[in-house]
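The file data_13.cif comes next; it holds mmCIF, C-alpha atoms and all ligand atoms.
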```
data_data
loop_
_atom_site.group_PDB
_atom_site.id
_atom_site.type_symbol
_atom_site.label_atom_id
_atom_site.label_comp_id
_atom_site.auth_asym_id
_atom_site.auth_seq_id
_atom_site.Cartn_x
_atom_site.Cartn_y
_atom_site.Cartn_z
ATOM 1 C CA MET J 1 117.259 94.971 88.380
ATOM 2 C CA SER J 2 113.876 96.323 89.385
ATOM 3 C CA ALA J 3 111.257 95.146 91.916
ATOM 4 C CA VAL J 4 107.761 96.350 92.772
ATOM 5 C CA ALA J 5 106.044 95.877 96.131
ATOM 6 C CA SER J 6 102.776 97.210 97.485
ATOM 7 C CA ALA J 7 101.268 97.594 100.961
ATOM 8 C CA PRO J 8 97.821 98.615 102.227
ATOM 9 C CA GLY J 9 96.626 101.679 104.087
ATOM 10 C CA LYS J 10 94.798 101.169 107.361
ATOM 11 C CA VAL J 11 91.935 102.341 109.502
ATOM 12 C CA ILE J 12 92.210 102.291 113.289
ATOM 13 C CA LEU J 13 88.763 101.128 114.439
ATOM 14 C CA VAL J 14 89.460 101.808 118.115
ATOM 15 C CA GLY J 15 92.365 102.889 120.295
ATOM 16 C CA GLU J 16 94.486 105.496 118.457
ATOM 17 C CA HIS J 17 96.504 107.723 120.810
ATOM 18 C CA PHE J 18 95.760 105.393 123.743
ATOM 19 C CA VAL J 19 97.909 102.793 121.934
ATOM 20 C CA VAL J 20 100.929 105.116 122.225
ATOM 21 C CA GLU J 21 100.738 104.584 126.011
ATOM 22 C CA ASN J 22 100.514 100.803 125.662
ATOM 23 C CA GLU J 23 96.729 100.356 125.679
ATOM 24 C CA PRO J 24 95.408 97.838 123.120
ATOM 25 C CA ALA J 25 94.002 99.086 119.808
ATOM 26 C CA ILE J 26 92.363 97.499 116.770
ATOM 27 C CA ALA J 27 93.248 98.243 113.163
ATOM 28 C CA VAL J 28 92.219 96.870 109.779
ATOM 29 C CA ALA J 29 93.962 97.038 106.417
ATOM 30 C CA ILE J 30 91.945 98.601 103.588
ATOM 31 C CA ASN J 31 91.891 98.174 99.827
ATOM 32 C CA LEU J 32 93.792 101.409 99.108
ATOM 33 C CA ARG J 33 97.483 100.659 98.533
ATOM 34 C CA ALA J 34 100.880 102.279 98.098
ATOM 35 C CA ARG J 35 103.107 100.830 95.354
ATOM 36 C CA VAL J 36 106.865 101.280 95.198
ATOM 37 C CA ARG J 37 109.242 100.383 92.372
ATOM 38 C CA ALA J 38 112.943 100.143 93.290
ATOM 39 C CA THR J 39 115.510 99.978 90.480
ATOM 40 C CA LYS J 40 119.281 99.541 90.618
ATOM 41 C CA VAL J 41 120.827 102.349 88.575
ATOM 42 C CA GLU J 42 124.257 103.634 87.544
ATOM 43 C CA GLY J 43 125.608 106.730 89.304
ATOM 44 C CA GLU J 44 125.314 107.547 92.981
ATOM 45 C CA GLY J 45 122.786 108.180 95.737
ATOM 46 C CA VAL J 46 119.104 107.303 95.992
ATOM 47 C CA GLU J 47 116.707 109.130 93.702
ATOM 48 C CA VAL J 48 113.183 109.259 95.162
ATOM 49 C CA ARG J 49 110.190 110.169 93.006
ATOM 50 C CA SER J 50 106.599 110.560 94.166
ATOM 51 C CA ARG J 51 103.855 110.667 91.549
ATOM 52 C CA GLU J 52 101.249 112.005 94.009
ATOM 53 C CA LEU J 53 103.466 114.741 95.485
ATOM 54 C CA GLY J 54 104.881 115.596 92.029
ATOM 55 C CA LEU J 55 108.384 115.651 93.572
ATOM 56 C CA ALA J 56 111.763 114.086 92.796
ATOM 57 C CA GLN J 57 115.014 114.376 94.752
ATOM 58 C CA VAL J 58 118.408 112.654 94.805
ATOM 59 C CA PHE J 59 119.647 111.849 98.332
ATOM 60 C CA ARG J 60 123.310 111.281 99.131
ATOM 61 C CA GLY J 61 123.042 111.240 102.930
ATOM 62 C CA ASP J 62 123.392 114.803 104.202
ATOM 63 C CA GLU J 63 120.034 116.290 103.109
ATOM 64 C CA PRO J 64 117.704 117.866 105.713
ATOM 65 C CA ARG J 65 115.262 115.417 107.244
ATOM 66 C CA SER J 66 112.448 117.895 106.635
ATOM 67 C CA SER J 67 112.214 116.997 102.921
ATOM 68 C CA PRO J 68 108.841 115.241 102.322
ATOM 69 C CA LEU J 69 110.702 112.486 100.430
ATOM 70 C CA TYR J 70 113.324 111.940 103.148
ATOM 71 C CA PRO J 71 111.411 109.106 104.936
ATOM 72 C CA VAL J 72 111.375 107.105 101.667
ATOM 73 C CA TYR J 73 115.120 107.585 101.275
ATOM 74 C CA PHE J 74 115.592 106.654 104.925
ATOM 75 C CA ALA J 75 113.561 103.424 104.499
ATOM 76 C CA ALA J 76 115.775 102.519 101.494
ATOM 77 C CA LYS J 77 118.944 103.360 103.438
ATOM 78 C CA VAL J 78 118.085 101.296 106.565
ATOM 79 C CA THR J 79 117.102 98.392 104.317
ATOM 80 C CA MET J 80 120.442 98.479 102.470
ATOM 81 C CA GLU J 81 122.316 98.684 105.776
ATOM 82 C CA TYR J 82 120.312 95.745 107.143
ATOM 83 C CA ILE J 83 120.871 93.436 104.152
ATOM 84 C CA GLY J 84 124.480 94.576 103.793
ATOM 85 C CA VAL J 85 124.156 95.531 100.102
ATOM 86 C CA GLU J 86 124.582 99.166 99.014
ATOM 87 C CA SER J 87 123.735 100.388 95.503
ATOM 88 C CA PRO J 88 122.645 103.538 93.711
ATOM 89 C CA LEU J 89 118.860 103.298 93.364
ATOM 90 C CA ARG J 90 115.775 104.908 91.922
ATOM 91 C CA VAL J 91 112.721 104.548 94.195
ATOM 92 C CA GLU J 92 109.343 105.486 92.673
ATOM 93 C CA VAL J 93 106.244 105.847 94.840
ATOM 94 C CA PHE J 94 102.664 105.537 93.526
ATOM 95 C CA SER J 95 99.997 105.672 96.208
ATOM 96 C CA ASP J 96 96.181 105.542 96.323
ATOM 97 C CA ILE J 97 96.234 106.487 100.025
ATOM 98 C CA PRO J 98 95.713 110.192 100.744
ATOM 99 C CA PRO J 99 98.667 111.537 102.775
ATOM 100 C CA ALA J 100 98.109 112.980 106.285
ATOM 101 C CA SER J 101 94.643 111.404 106.327
ATOM 102 C CA GLY J 102 94.933 108.965 109.224
ATOM 103 C CA MET J 103 94.916 106.105 106.705
ATOM 104 C CA GLY J 104 98.528 105.112 107.237
ATOM 105 C CA SER J 105 99.974 106.429 103.986
ATOM 106 C CA SER J 106 103.504 106.956 105.357
ATOM 107 C CA ALA J 107 103.631 103.464 106.894
ATOM 108 C CA ALA J 108 102.344 101.814 103.702
ATOM 109 C CA VAL J 109 104.974 103.662 101.647
ATOM 110 C CA ALA J 110 107.696 102.651 104.148
ATOM 111 C CA VAL J 111 106.615 98.989 104.141
ATOM 112 C CA ALA J 112 106.454 98.821 100.327
ATOM 113 C CA THR J 113 109.808 100.646 100.032
ATOM 114 C CA VAL J 114 111.601 98.225 102.363
ATOM 115 C CA ALA J 115 110.199 95.193 100.512
ATOM 116 C CA ALA J 116 110.923 96.600 97.025
ATOM 117 C CA VAL J 117 114.453 97.797 97.817
ATOM 118 C CA ALA J 118 115.496 94.471 99.402
ATOM 119 C CA LYS J 119 114.044 92.493 96.480
ATOM 120 C CA ALA J 120 115.695 94.750 93.877
ATOM 121 C CA LEU J 121 119.001 93.986 95.617
ATOM 122 C CA GLY J 122 118.323 90.246 95.569
ATOM 123 C CA VAL J 123 117.011 89.685 99.145
ATOM 124 C CA LYS J 124 113.483 88.595 100.089
ATOM 125 C CA LEU J 125 112.808 89.749 103.651
ATOM 126 C CA ALA J 126 110.391 88.079 106.078
ATOM 127 C CA GLU J 127 107.322 90.067 107.171
ATOM 128 C CA ASP J 128 108.669 90.772 110.667
ATOM 129 C CA GLU J 129 111.902 92.166 109.179
ATOM 130 C CA ILE J 130 109.920 94.407 106.795
ATOM 131 C CA SER J 131 107.730 95.710 109.623
ATOM 132 C CA ARG J 132 110.709 96.448 111.896
ATOM 133 C CA LEU J 133 112.626 98.336 109.200
ATOM 134 C CA ALA J 134 109.504 100.301 108.208
ATOM 135 C CA TYR J 135 109.077 101.292 111.867
ATOM 136 C CA ARG J 136 112.481 102.986 111.720
ATOM 137 C CA ALA J 137 111.311 105.144 108.802
ATOM 138 C CA GLU J 138 108.084 105.890 110.697
ATOM 139 C CA GLU J 139 110.160 107.220 113.605
ATOM 140 C CA ILE J 140 111.550 109.850 111.217
ATOM 141 C CA VAL J 141 108.015 110.966 110.295
ATOM 142 C CA HIS J 142 106.152 110.697 113.599
ATOM 143 C CA GLY J 143 108.664 110.802 116.449
ATOM 144 C CA LYS J 144 107.873 107.787 118.660
ATOM 145 C CA PRO J 145 105.009 105.950 116.973
ATOM 146 C CA SER J 146 103.292 102.979 118.601
ATOM 147 C CA GLY J 147 104.122 100.678 115.668
ATOM 148 C CA ILE J 148 100.477 99.866 114.869
ATOM 149 C CA ASP J 149 100.617 101.444 111.374
ATOM 150 C CA ASN J 150 103.643 99.522 110.027
ATOM 151 C CA THR J 151 102.310 96.304 111.629
ATOM 152 C CA ILE J 152 98.847 96.390 110.023
ATOM 153 C CA SER J 153 100.301 97.516 106.691
ATOM 154 C CA THR J 154 102.733 94.567 106.692
ATOM 155 C CA TYR J 155 100.357 91.828 107.810
ATOM 156 C CA GLY J 156 96.956 93.015 106.459
ATOM 157 C CA GLY J 157 93.560 91.822 107.757
ATOM 158 C CA ALA J 158 92.431 92.840 111.235
ATOM 159 C CA ILE J 159 94.702 92.970 114.262
ATOM 160 C CA ALA J 160 94.597 93.754 117.944
ATOM 161 C CA TYR J 161 97.860 95.519 118.758
ATOM 162 C CA ARG J 162 99.659 96.368 121.945
ATOM 163 C CA LYS J 163 103.006 98.144 121.880
ATOM 164 C CA THR J 164 104.855 95.866 124.311
ATOM 165 C CA GLU J 165 103.143 92.651 123.205
ATOM 166 C CA GLY J 166 102.904 92.955 119.438
ATOM 167 C CA PHE J 167 99.796 91.874 117.568
ATOM 168 C CA LEU J 168 97.109 89.222 117.514
ATOM 169 C CA ARG J 169 95.294 88.461 114.279
ATOM 170 C CA LEU J 170 91.500 88.739 114.751
ATOM 171 C CA GLU J 171 89.401 85.986 113.183
ATOM 172 C CA ALA J 172 86.745 88.121 111.587
ATOM 173 C CA ASP J 173 84.391 88.225 108.620
ATOM 174 C CA PHE J 174 84.063 91.836 107.493
ATOM 175 C CA SER J 175 81.894 91.008 104.463
ATOM 176 C CA PRO J 176 78.689 92.457 106.070
ATOM 177 C CA ILE J 177 80.210 95.951 106.377
ATOM 178 C CA ARG J 178 81.927 98.721 104.443
ATOM 179 C CA LEU J 179 83.865 101.716 105.731
ATOM 180 C CA VAL J 180 83.131 105.259 104.606
ATOM 181 C CA LEU J 181 85.928 107.800 105.126
ATOM 182 C CA ALA J 182 85.410 111.560 104.870
ATOM 183 C CA ASP J 183 88.040 114.298 104.794
ATOM 184 C CA SER J 184 87.837 117.215 107.212
ATOM 185 C CA GLY J 185 90.023 119.199 104.804
ATOM 186 C CA LEU J 186 92.178 120.269 107.768
ATOM 187 C CA PRO J 187 95.911 119.534 107.643
ATOM 188 C CA ARG J 188 97.602 118.053 110.699
ATOM 189 C CA SER J 189 100.732 116.245 111.763
ATOM 190 C CA THR J 190 100.552 112.955 113.673
ATOM 191 C CA GLY J 191 103.743 113.768 115.611
ATOM 192 C CA GLU J 192 102.347 117.120 116.773
ATOM 193 C CA MET J 193 98.977 115.663 117.772
ATOM 194 C CA VAL J 194 100.657 112.875 119.770
ATOM 195 C CA ALA J 195 102.872 115.454 121.523
ATOM 196 C CA ARG J 196 99.829 117.633 122.312
ATOM 197 C CA VAL J 197 97.936 114.741 123.886
ATOM 198 C CA ARG J 198 101.014 113.786 125.910
ATOM 199 C CA ARG J 199 101.324 117.337 127.259
ATOM 200 C CA LEU J 200 97.684 117.409 128.388
ATOM 201 C CA LYS J 201 98.026 113.928 129.940
ATOM 202 C CA ALA J 202 101.139 115.020 131.853
ATOM 203 C CA LYS J 203 99.230 118.028 133.189
ATOM 204 C CA TYR J 204 96.230 116.017 134.436
ATOM 205 C CA PRO J 205 97.520 112.481 135.070
ATOM 206 C CA ARG J 206 94.725 111.525 137.498
ATOM 207 C CA VAL J 207 92.032 112.575 135.041
ATOM 208 C CA PHE J 208 93.693 110.932 132.043
ATOM 209 C CA GLU J 209 94.509 107.582 133.665
ATOM 210 C CA PRO J 210 90.878 106.415 133.874
ATOM 211 C CA LEU J 211 90.263 107.616 130.299
ATOM 212 C CA TYR J 212 93.193 105.493 129.076
ATOM 213 C CA HIS J 213 92.016 102.559 131.149
ATOM 214 C CA ALA J 214 88.507 102.883 129.652
ATOM 215 C CA ALA J 215 89.975 102.999 126.127
ATOM 216 C CA GLY J 216 91.907 99.791 126.796
ATOM 217 C CA ARG J 217 88.788 98.005 128.095
ATOM 218 C CA LEU J 218 86.853 99.336 125.124
ATOM 219 C CA ALA J 219 89.395 97.869 122.660
ATOM 220 C CA ILE J 220 89.067 94.448 124.315
ATOM 221 C CA GLU J 221 85.248 94.614 124.038
ATOM 222 C CA ALA J 222 85.546 95.777 120.413
ATOM 223 C CA GLY J 223 87.808 92.799 119.610
ATOM 224 C CA LYS J 224 85.190 90.425 121.040
ATOM 225 C CA ALA J 225 82.421 92.150 119.053
ATOM 226 C CA ILE J 226 84.450 91.839 115.819
ATOM 227 C CA GLU J 227 85.146 88.139 116.353
ATOM 228 C CA ALA J 228 81.436 87.542 117.121
ATOM 229 C CA GLY J 229 80.425 89.454 113.942
ATOM 230 C CA ASN J 230 78.474 91.888 116.151
ATOM 231 C CA PHE J 231 79.014 95.067 114.126
ATOM 232 C CA ARG J 232 76.182 96.900 115.890
ATOM 233 C CA ALA J 233 78.163 96.601 119.151
ATOM 234 C CA LEU J 234 81.380 97.570 117.341
ATOM 235 C CA GLY J 235 79.648 100.723 116.027
ATOM 236 C CA GLU J 236 78.471 101.681 119.516
ATOM 237 C CA LEU J 237 81.967 101.150 120.910
ATOM 238 C CA MET J 238 83.437 103.279 118.090
ATOM 239 C CA ASN J 239 81.058 106.082 119.141
ATOM 240 C CA VAL J 240 82.224 105.791 122.756
ATOM 241 C CA ASN J 241 85.828 105.775 121.535
ATOM 242 C CA HIS J 242 85.176 108.986 119.622
ATOM 243 C CA GLY J 243 83.960 110.550 122.886
ATOM 244 C CA LEU J 244 87.223 109.558 124.557
ATOM 245 C CA LEU J 245 89.216 111.041 121.667
ATOM 246 C CA SER J 246 87.257 114.292 122.041
ATOM 247 C CA ALA J 247 88.020 114.214 125.767
ATOM 248 C CA ILE J 248 91.778 114.032 125.156
ATOM 249 C CA GLY J 249 91.582 117.005 122.812
ATOM 250 C CA VAL J 250 91.965 115.682 119.250
ATOM 251 C CA SER J 251 88.524 116.568 117.885
ATOM 252 C CA ASN J 252 87.188 119.871 116.602
ATOM 253 C CA GLU J 253 83.992 121.330 115.169
ATOM 254 C CA VAL J 254 84.609 120.092 111.615
ATOM 255 C CA LEU J 255 85.347 116.523 112.717
ATOM 256 C CA GLU J 256 82.324 116.505 115.056
ATOM 257 C CA ARG J 257 80.058 117.671 112.218
ATOM 258 C CA LEU J 258 81.273 114.831 109.976
ATOM 259 C CA VAL J 259 80.879 112.246 112.738
ATOM 260 C CA TYR J 260 77.320 113.324 113.577
ATOM 261 C CA ARG J 261 76.306 113.552 109.924
ATOM 262 C CA ALA J 262 77.500 109.962 109.354
ATOM 263 C CA ARG J 263 75.585 108.696 112.382
ATOM 264 C CA GLU J 264 72.409 110.561 111.377
ATOM 265 C CA ALA J 265 72.646 109.066 107.874
ATOM 266 C CA GLY J 266 72.590 105.544 109.333
ATOM 267 C CA ALA J 267 76.192 104.553 110.119
ATOM 268 C CA LEU J 268 76.513 101.940 112.877
ATOM 269 C CA GLY J 269 79.254 104.091 114.391
ATOM 270 C CA ALA J 270 81.514 106.995 113.411
ATOM 271 C CA LYS J 271 84.697 108.452 114.828
ATOM 272 C CA ILE J 272 87.964 110.169 114.121
ATOM 273 C CA THR J 273 90.509 107.743 112.712
ATOM 274 C CA GLY J 274 94.238 108.249 113.256
ATOM 275 C CA ALA J 275 95.723 111.235 115.012
ATOM 276 C CA GLY J 276 92.749 113.638 114.662
ATOM 277 C CA GLY J 277 92.964 117.429 114.686
ATOM 278 C CA GLY J 278 92.213 117.092 110.960
ATOM 279 C CA GLY J 279 92.445 114.181 108.551
ATOM 280 C CA PHE J 280 89.496 111.834 108.060
ATOM 281 C CA ILE J 281 86.632 110.354 110.042
ATOM 282 C CA VAL J 282 85.552 106.742 109.563
ATOM 283 C CA ALA J 283 81.972 105.493 109.526
ATOM 284 C CA LEU J 284 81.160 101.810 109.977
ATOM 285 C CA CYS J 285 78.282 100.945 107.629
ATOM 286 C CA GLU J 286 76.173 97.869 107.029
ATOM 287 C CA LYS J 287 76.417 96.897 103.350
ATOM 288 C CA GLY J 288 73.567 98.639 101.552
ATOM 289 C CA SER J 289 73.696 101.760 103.757
ATOM 290 C CA GLU J 290 77.168 102.962 102.682
ATOM 291 C CA GLU J 291 75.945 105.003 99.694
ATOM 292 C CA ARG J 292 73.432 106.893 101.843
ATOM 293 C CA VAL J 293 76.148 107.691 104.389
ATOM 294 C CA ALA J 294 78.658 108.626 101.651
ATOM 295 C CA LYS J 295 76.086 110.926 99.992
ATOM 296 C CA ALA J 296 75.357 112.716 103.285
ATOM 297 C CA LEU J 297 79.086 113.150 103.910
ATOM 298 C CA ARG J 298 79.777 114.424 100.367
ATOM 299 C CA GLU J 299 77.518 117.409 101.157
ATOM 300 C CA VAL J 300 80.020 118.552 103.799
ATOM 301 C CA SER J 301 83.316 116.958 102.723
ATOM 302 C CA SER J 302 85.217 117.355 99.463
ATOM 303 C CA ARG J 303 86.730 113.832 99.606
ATOM 304 C CA VAL J 304 84.817 110.719 100.570
ATOM 305 C CA PHE J 305 86.084 107.141 100.093
ATOM 306 C CA VAL J 306 84.091 103.932 100.401
ATOM 307 C CA VAL J 307 86.524 101.110 101.200
ATOM 308 C CA ASP J 308 86.611 97.455 102.214
ATOM 309 C CA VAL J 309 88.713 95.689 104.795
ATOM 310 C CA SER J 310 91.510 93.852 102.989
ATOM 311 C CA GLY J 311 93.151 90.633 104.080
ATOM 312 C CA GLU J 312 96.241 91.398 102.059
ATOM 313 C CA GLY J 313 99.327 92.912 103.628
ATOM 314 C CA VAL J 314 102.612 93.621 101.865
ATOM 315 C CA ARG J 315 103.041 91.785 98.555
ATOM 316 C CA TYR J 316 105.411 91.669 95.613
ATOM 317 C CA GLU J 317 104.010 92.587 92.234
ATOM 318 C CA GLU J 318 105.147 91.420 88.824
HETATM 319 C C1 LIG M 1 98.448 107.076 114.017
HETATM 320 O O1 LIG M 1 97.932 106.349 112.901
HETATM 321 C C2 LIG M 1 97.888 106.567 115.307
HETATM 322 C C3 LIG M 1 98.384 107.239 116.590
HETATM 323 O O2 LIG M 1 97.883 106.401 117.662
HETATM 324 C C4 LIG M 1 99.891 107.338 116.673
HETATM 325 C C5 LIG M 1 100.581 105.995 116.857
HETATM 326 O O3 LIG M 1 99.938 104.976 117.147
HETATM 327 O O4 LIG M 1 101.829 105.987 116.703
HETATM 328 C C6 LIG M 1 97.784 108.621 116.778
#
```
Rewrite the coordinates I just gave you, this time as C-alpha cells.
Ligand code: MEV
Amino acid sequence: MSAVASAPGKVILVGEHFVVENEPAIAVAINLRARVRATKVEGEGVEVRSRELGLAQVFRGDEPRSSPLYPVYFAAKVTMEYIGVESPLRVEVFSDIPPASGMGSSAAVAVATVAAVAKALGVKLAEDEISRLAYRAEEIVHGKPSGIDNTISTYGGAIAYRKTEGFLRLEADFSPIRLVLADSGLPRSTGEMVARVRRLKAKYPRVFEPLYHAAGRLAIEAGKAIEAGNFRALGELMNVNHGLLSAIGVSNEVLERLVYRAREAGALGAKITGAGGGGFIVALCEKGSEERVAKALREVSSRVFVVDVSGEGVRYEE
C-alpha cells in the first residue's frame, strides 16, 4: 500500500530567533510544497530516496545521524512507533522548497513524511499528532527548535506562535501582496546559527533582554497590522525586525545588500527570513510591484522566487 502527502514551506514574517526564547513570532505558509510517497515493501528497513538531493539510502537503525536522509528515516520511525505498526518501507521525497533556505524545507518534509507513513500503514493522524511527531524529526536536524516550522507547515495559512502557548490562527487576507525571496548563495545551518545567538545573548544578557522584549512587542504589532490588512505597517515592522536580527549577529554584507536592494526597488519591507547567516531574504511586495523587486534582486542573486501565502497545510494527495 502506498500513500502520498504534501506540506508547505513557510516564511517567518517576524520573530525568528526571538521565538526560540519564547517571544511571539508570525509565520505564513507559502505555495512551495514538499511531497512524500510512502510505500509498504517486502524486505527490511526503511529506504529513503530524495529526488532533489539525488540520494538513496536504506536505514536499519544504527546509521550515523549525520546522513542528510536520516531525519526522513527518523520521522518514519517515530511515526511507526507512535501508531504501533512497524513495516519495511520506501519513502520518496520530492520537494519544491530549496533546502537550507529559511523556507522550512526540513519541517515540510518531516510533516509530509509523518502523514504519508501513517496513511500507508492504515492510520490517518490528526493535525496535532502530525505536528508533534514532525517536531521530533526537527530536533534531529536543528537541536532545540521553537516548533514554529512544523506548526505552520501542518496548519497552513498565517499564525502567531509562541513556544509555551502554541499558535493562534490570524484572520488575514493576503491577496493584496506577494512575497519575493532571494538567495544569498551562502550555506548555513539553523542549529549553528541558533547556538551562536544563544552564546552572544549569554555573554550580554542585559543588552539582549531589551532587544528580545522589543521583538516580542514588534510581533504583536505586526499581528495587528496583518489582521487590519495594513501591509505598509507590516513592511515597516519587518524592516525594524531586520535591524534587530542584525543586532543579534545573524546578518552579513550579502544579506544586507539583498535587503537594501529590495527596499530600493519598492518593497514594503525586506528582511532575513529564518536563521540568517546565509539562506534567503524575504521582501513584502504590493501586487504589481513584485516583478520590479524580483528583477532588481535577480541582478545580485542567482535564485529568486515569487510566492503567495497559502492557506493549505498538510494534505493527502491521490
Ligand atoms: C528557523 O526557521 C527559525 C529559528 O527561529 C529557529 C527556530 O524557531 O527553531 C531561527
Could you write out as JSON the box around ligand LIG 1 (chain M) (axis-aligned, all atoms listed in the file, 6 Å on each side), with centre and edge lengths in Å to one decimal?
```
{"center_x": 99.8, "center_y": 106.8, "center_z": 115.3, "size_x": 16.0, "size_y": 15.6, "size_z": 16.8}
```
Evaluate the PyMOL selection byres (((not hetatm)) within 10 of (chain M and resi 1)) against this structure - the residues, as number ranges by chain, please. J: 10-12, 14-22, 25, 27, 100-107, 135, 138-139, 142-150, 161-163, 189-195, 197, 250, 273-276
Selection from above, C-alpha atoms, as a PDB file, in the coordinates of the input, can you write it?
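The new file again.pdb reads:
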```
ATOM      1  CA  LYS J  10      94.798 101.169 107.361  1.00  0.00           C
ATOM      2  CA  VAL J  11      91.935 102.341 109.502  1.00  0.00           C
ATOM      3  CA  ILE J  12      92.210 102.291 113.289  1.00  0.00           C
ATOM      4  CA  VAL J  14      89.460 101.808 118.115  1.00  0.00           C
ATOM      5  CA  GLY J  15      92.365 102.889 120.295  1.00  0.00           C
ATOM      6  CA  GLU J  16      94.486 105.496 118.457  1.00  0.00           C
ATOM      7  CA  HIS J  17      96.504 107.723 120.810  1.00  0.00           C
ATOM      8  CA  PHE J  18      95.760 105.393 123.743  1.00  0.00           C
ATOM      9  CA  VAL J  19      97.909 102.793 121.934  1.00  0.00           C
ATOM     10  CA  VAL J  20     100.929 105.116 122.225  1.00  0.00           C
ATOM     11  CA  GLU J  21     100.738 104.584 126.011  1.00  0.00           C
ATOM     12  CA  ASN J  22     100.514 100.803 125.662  1.00  0.00           C
ATOM     13  CA  ALA J  25      94.002  99.086 119.808  1.00  0.00           C
ATOM     14  CA  ALA J  27      93.248  98.243 113.163  1.00  0.00           C
ATOM     15  CA  ALA J 100      98.109 112.980 106.285  1.00  0.00           C
ATOM     16  CA  SER J 101      94.643 111.404 106.327  1.00  0.00           C
ATOM     17  CA  GLY J 102      94.933 108.965 109.224  1.00  0.00           C
ATOM     18  CA  MET J 103      94.916 106.105 106.705  1.00  0.00           C
ATOM     19  CA  GLY J 104      98.528 105.112 107.237  1.00  0.00           C
ATOM     20  CA  SER J 105      99.974 106.429 103.986  1.00  0.00           C
ATOM     21  CA  SER J 106     103.504 106.956 105.357  1.00  0.00           C
ATOM     22  CA  ALA J 107     103.631 103.464 106.894  1.00  0.00           C
ATOM     23  CA  TYR J 135     109.077 101.292 111.867  1.00  0.00           C
ATOM     24  CA  GLU J 138     108.084 105.890 110.697  1.00  0.00           C
ATOM     25  CA  GLU J 139     110.160 107.220 113.605  1.00  0.00           C
ATOM     26  CA  HIS J 142     106.152 110.697 113.599  1.00  0.00           C
ATOM     27  CA  GLY J 143     108.664 110.802 116.449  1.00  0.00           C
ATOM     28  CA  LYS J 144     107.873 107.787 118.660  1.00  0.00           C
ATOM     29  CA  PRO J 145     105.009 105.950 116.973  1.00  0.00           C
ATOM     30  CA  SER J 146     103.292 102.979 118.601  1.00  0.00           C
ATOM     31  CA  GLY J 147     104.122 100.678 115.668  1.00  0.00           C
ATOM     32  CA  ILE J 148     100.477  99.866 114.869  1.00  0.00           C
ATOM     33  CA  ASP J 149     100.617 101.444 111.374  1.00  0.00           C
ATOM     34  CA  ASN J 150     103.643  99.522 110.027  1.00  0.00           C
ATOM     35  CA  TYR J 161      97.860  95.519 118.758  1.00  0.00           C
ATOM     36  CA  ARG J 162      99.659  96.368 121.945  1.00  0.00           C
ATOM     37  CA  LYS J 163     103.006  98.144 121.880  1.00  0.00           C
ATOM     38  CA  SER J 189     100.732 116.245 111.763  1.00  0.00           C
ATOM     39  CA  THR J 190     100.552 112.955 113.673  1.00  0.00           C
ATOM     40  CA  GLY J 191     103.743 113.768 115.611  1.00  0.00           C
ATOM     41  CA  GLU J 192     102.347 117.120 116.773  1.00  0.00           C
ATOM     42  CA  MET J 193      98.977 115.663 117.772  1.00  0.00           C
ATOM     43  CA  VAL J 194     100.657 112.875 119.770  1.00  0.00           C
ATOM     44  CA  ALA J 195     102.872 115.454 121.523  1.00  0.00           C
ATOM     45  CA  VAL J 197      97.936 114.741 123.886  1.00  0.00           C
ATOM     46  CA  VAL J 250      91.965 115.682 119.250  1.00  0.00           C
ATOM     47  CA  THR J 273      90.509 107.743 112.712  1.00  0.00           C
ATOM     48  CA  GLY J 274      94.238 108.249 113.256  1.00  0.00           C
ATOM     49  CA  ALA J 275      95.723 111.235 115.012  1.00  0.00           C
ATOM     50  CA  GLY J 276      92.749 113.638 114.662  1.00  0.00           C
TER      51      GLY J 276
END
```
List the spatial neighbours of J:Glu236 as a PyMOL selection string - criterion: any atom at most 10 Å away, only C-alpha atoms, same-chain residues fewer than 2 positions off excluded. chain J and resi 222+231-234+238-242+268-270+284
Need the shell around stretch 114-125 of chain J: protein/DNA/RNA residues with any atom at most 8 Å away, counting only C-alpha atoms. Skip same-chain ones fewer than 2 positions apart. Format as an mmCIF file with C-alpha atoms, keeping the file's coordinate frame?
```
data_model
loop_
_atom_site.group_PDB
_atom_site.id
_atom_site.type_symbol
_atom_site.label_atom_id
_atom_site.label_comp_id
_atom_site.auth_asym_id
_atom_site.auth_seq_id
_atom_site.Cartn_x
_atom_site.Cartn_y
_atom_site.Cartn_z
ATOM 1 C CA MET J 1 117.259 94.971 88.380
ATOM 2 C CA SER J 2 113.876 96.323 89.385
ATOM 3 C CA ALA J 3 111.257 95.146 91.916
ATOM 4 C CA VAL J 4 107.761 96.350 92.772
ATOM 5 C CA ALA J 5 106.044 95.877 96.131
ATOM 6 C CA VAL J 36 106.865 101.280 95.198
ATOM 7 C CA ARG J 37 109.242 100.383 92.372
ATOM 8 C CA ALA J 38 112.943 100.143 93.290
ATOM 9 C CA THR J 39 115.510 99.978 90.480
ATOM 10 C CA LYS J 40 119.281 99.541 90.618
ATOM 11 C CA ALA J 75 113.561 103.424 104.499
ATOM 12 C CA ALA J 76 115.775 102.519 101.494
ATOM 13 C CA THR J 79 117.102 98.392 104.317
ATOM 14 C CA MET J 80 120.442 98.479 102.470
ATOM 15 C CA ILE J 83 120.871 93.436 104.152
ATOM 16 C CA VAL J 85 124.156 95.531 100.102
ATOM 17 C CA SER J 87 123.735 100.388 95.503
ATOM 18 C CA VAL J 91 112.721 104.548 94.195
ATOM 19 C CA ALA J 110 107.696 102.651 104.148
ATOM 20 C CA VAL J 111 106.615 98.989 104.141
ATOM 21 C CA ALA J 112 106.454 98.821 100.327
ATOM 22 C CA GLU J 127 107.322 90.067 107.171
ATOM 23 C CA GLU J 129 111.902 92.166 109.179
ATOM 24 C CA ILE J 130 109.920 94.407 106.795
ATOM 25 C CA LEU J 133 112.626 98.336 109.200
ATOM 26 C CA ALA J 134 109.504 100.301 108.208
ATOM 27 C CA VAL J 314 102.612 93.621 101.865
ATOM 28 C CA TYR J 316 105.411 91.669 95.613
#
```
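Minimum distance to J:Arg35 across J:Glu165, J:Glu256, J:Glu221, J:Asp96 (counting only C-alpha atoms) occurs at J:Asp96.
Neighbours of J:Pro187 closer than or equal to 8 Å, with all atoms listed in the file counted and sequence neighbours fewer than 4 positions away skipped, come out as Ala100, Gly277, Gly278 and Gly279 of chain J.
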Using only C-alpha atoms, what residues lie at most 7 Å away from (115.1, 107.2, 94.6) (file coordinates), given as a VMD selection string? chain J and resid 46 to 49 58 73 89 to 92
